[in-house]
Structure formats: C-alpha cells, structure tokens
Amino acid sequence: MPYRILVLNGPNLGALGQRQPEIYGSEGLDAIPGLVHELLGENAARLEFFQSNHEGALIDRLEQARREGVDGVAFNAGALTHSSLALADCLAWIGLPCVEVHVSNVFARTEDPIRQRSFMAKHCLGVVSGFGLSSYALAVQALVFHLNRQHS
Ligand code: DQA
C-alpha cells in the first residue's frame with residue numbers, strides 16, 4: 001500500500017505560478033504530482049492536497065489527517081512558518097511525521113531575516129527549501145524514506 005501523504009499549503013501558495021515568479025517560479029501547485037511521480041515513480045505515495053489562506057483551516061486539516069491515519073505531511077505554511085505558534089502547537093501534539101517545505105531558499109533571503117526563523121522546524125523531521133516546486137517532491141521522498149525505515 002502506498003503511503004498517504006498530505007501536501008499542505010498555507011497562505012498565498014494557491015497563487016504560485018502568478019505570484020512573484022522571479023522568486024517562486026512560474027509553475028502552480030498543480031505541477032506537484034508530476035514532479036513526485038518523476039522522482040519517486042507512480043506508486044510510492046498517495047498524495048492528498050489542501051491549501052488555505054486561513055490558519056485555523058490548516059489546523060483543522062492537520063487534525064483531520066491525524067484522525068484519518070495519514071502517514072506524513074509535506075507542509076509549506078508560507079508566512080505562517082515565521083509567526084504561527086498555533087500551527088507549531090498543532091504539529092507538537094498530532095504526532096505525524098512532517099517535513100517543512102519552502103519553494104524559495106528562505107535562508108538566502110537575507111533582505112528578510114525573519115524568513116530564516118521557523119516556529120515549525122523543531123516539530124518537523126527536517127526542512128526542504130530552495131528547490132522551487134521540486135522542494136515538495138523532495139519532501140515527499142524524505143517522508144517515504146523515513147516511513148520505510150520505520151516499518152523495516
Ligand atoms: C515560502 C517562504 C515564506 O517566507 C513566504 O512567506 C511564502 C512562501 C516559500 O515557499 O518559499 O509565502 O514559504
């Protein structure tokens with residue numbers, strides 16, 4: 001059975017492809033399944049997608065993922081990464097393996113040092129940042145690798 005992976009996106013990420021393409025590129029979220037299949041093949045993961053501009057809706061979706069037995073989460077919380085104690089609190093208790101994702105390399109965006117701070121990272125397996133939309137595929141790969149090792 002392929003792992004169930006939730007690809008979760010926060011504020012302004014529904015606009016990927018149109019939003020500041022010089023930073024975030026010209027592809028939208030709909031490019032992610034193709035990139036995951038290119039990296040991992042068709043059957044490594046069953047992806048579920050959710051995007052919201054609202055913090056509470058993201059928390060509701062994470063709680064739902066826990067109830068439903070989702071195996072892992074690839075989570076780009078957008079700007080909420082740098083500000084949301086509520087999302088961090090949710091990740092702290094739900095017990096789902098999570099990888100923090102960023103399209104841009106937040107650590108290289110030194111003009112905006114706040115982007116180097118993450119409330120979520122301490123509750124995540126790790127962070128994938130700076131590979132464009134491929135960051136999502138790399139995060140799914142990291143989750144599958146982690147889950148395989150857990151189950152072996
Ligand atoms: C982002 C980086 C954040 O700093 C920013 O607020 C975003 C997108 C990224 O994917 O590079 O909305 O998470």
# chains A, B, ... in the order shown; residues from 1 in each chain; ligands from 1
$ residues_around --residues "region 128-133 of chain A" --least-positions-apart "6" --cutoff "6 Å" --atoms "only C-alpha atoms" --output "mmCIF file with all heavy atoms, in the first residue's frame"
data_model
loop_
_atom_site.group_PDB
_atom_site.id
_atom_site.type_symbol
_atom_site.label_atom_id
_atom_site.label_comp_id
_atom_site.auth_asym_id
_atom_site.auth_seq_id
_atom_site.Cartn_x
_atom_site.Cartn_y
_atom_site.Cartn_z
ATOM 1 N N VAL A 101 8.422 22.650 4.106
ATOM 2 C CA VAL A 101 8.764 22.882 2.689
ATOM 3 C C VAL A 101 8.760 24.377 2.391
ATOM 4 O O VAL A 101 7.878 25.110 2.866
ATOM 5 C CB VAL A 101 7.712 22.208 1.770
ATOM 6 C CG1 VAL A 101 8.018 22.482 0.296
ATOM 7 C CG2 VAL A 101 7.619 20.721 2.021
ATOM 8 N N HIS A 102 9.743 24.816 1.591
ATOM 9 C CA HIS A 102 9.697 26.154 1.008
ATOM 10 C C HIS A 102 10.147 26.088 -0.447
ATOM 11 O O HIS A 102 11.122 25.386 -0.763
ATOM 12 C CB HIS A 102 10.589 27.138 1.771
ATOM 13 C CG HIS A 102 10.158 27.293 3.189
ATOM 14 N ND1 HIS A 102 9.020 27.982 3.538
ATOM 15 C CD2 HIS A 102 10.674 26.793 4.337
ATOM 16 C CE1 HIS A 102 8.867 27.916 4.852
ATOM 17 N NE2 HIS A 102 9.858 27.196 5.363
ATOM 18 N N VAL A 103 9.459 26.833 -1.274
ATOM 19 C CA VAL A 103 9.805 26.912 -2.695
ATOM 20 C C VAL A 103 11.111 27.684 -2.842
ATOM 21 O O VAL A 103 12.041 27.273 -3.542
ATOM 22 C CB VAL A 103 8.658 27.602 -3.467
ATOM 23 C CG1 VAL A 103 9.035 27.796 -4.933
ATOM 24 C CG2 VAL A 103 7.369 26.784 -3.332
ATOM 25 N N SER A 104 11.183 28.828 -2.178
ATOM 26 C CA SER A 104 12.398 29.648 -2.225
ATOM 27 C C SER A 104 13.366 29.181 -1.144
ATOM 28 O O SER A 104 12.978 28.462 -0.217
ATOM 29 C CB SER A 104 12.037 31.123 -2.004
ATOM 30 O OG SER A 104 11.527 31.322 -0.685
ATOM 31 N N ASN A 105 14.610 29.611 -1.266
ATOM 32 C CA ASN A 105 15.597 29.323 -0.224
ATOM 33 C C ASN A 105 15.489 30.420 0.835
ATOM 34 O O ASN A 105 16.095 31.486 0.708
ATOM 35 C CB ASN A 105 17.003 29.267 -0.826
ATOM 36 C CG ASN A 105 18.055 28.940 0.227
ATOM 37 O OD1 ASN A 105 17.755 28.914 1.427
ATOM 38 N ND2 ASN A 105 19.270 28.715 -0.214
#
$ residues_near_ligand --ligand "ligand 1" --cutoff "10 Å" --atoms "only C-alpha atoms and all ligand atoms" --output "number ranges by chain"
A: 9-16, 19, 23-24, 75-83, 100-107, 109, 112-118, 128-133, 135-136
$ atom_distance --atom1 "CA of Ala88 (chain A)" --atom2 "CA of Ala74 (chain A)"
14.3 Å
$ closest_residue --among "A:Arg46, A:His151, A:His54, A:His37" --to "Met1 (chain A)" --atoms "only C-alpha atoms"
A:Arg46
$ atom_distance --atom1 "CA of Ala45 (chain A)" --atom2 "CA of Val140 (chain A)"
7.9 Å
$ residues_around --residues "Ala57 (chain A)" --least-positions-apart "4" --cutoff "12 Å" --atoms "only C-alpha atoms" --output "list in words"
Leu8, Asn9, Gly10, Pro11, Phe50, Gln51, Ser52, Asn53, Arg61, Leu62, Glu63, Gln64, Ala77, Ala86, Leu87 and Cys90 of chain A
$ select_by_dssp --residues "region 17-117 of chain A" --states "alpha helix (DSSP H)" --output "PyMOL selection string"
chain A and resi 21-24+32-40+55-68+85-94
$ atom_distance --atom1 "CA of Ile32 (chain A)" --atom2 "CA of Phe119 (chain A)"
24.7 Å
$ select_by_dssp --residues "region 35-147 of chain A" --states "strand (DSSP E)" --output "ChimeraX atom specification"
/A:45-51,72-76,98-102,126-129
$ closest_residue --among "A:Leu40, A:Leu35, A:Cys98, A:Val73" --to "Ala121 (chain A)" --atoms "only C-alpha atoms"
A:Cys98
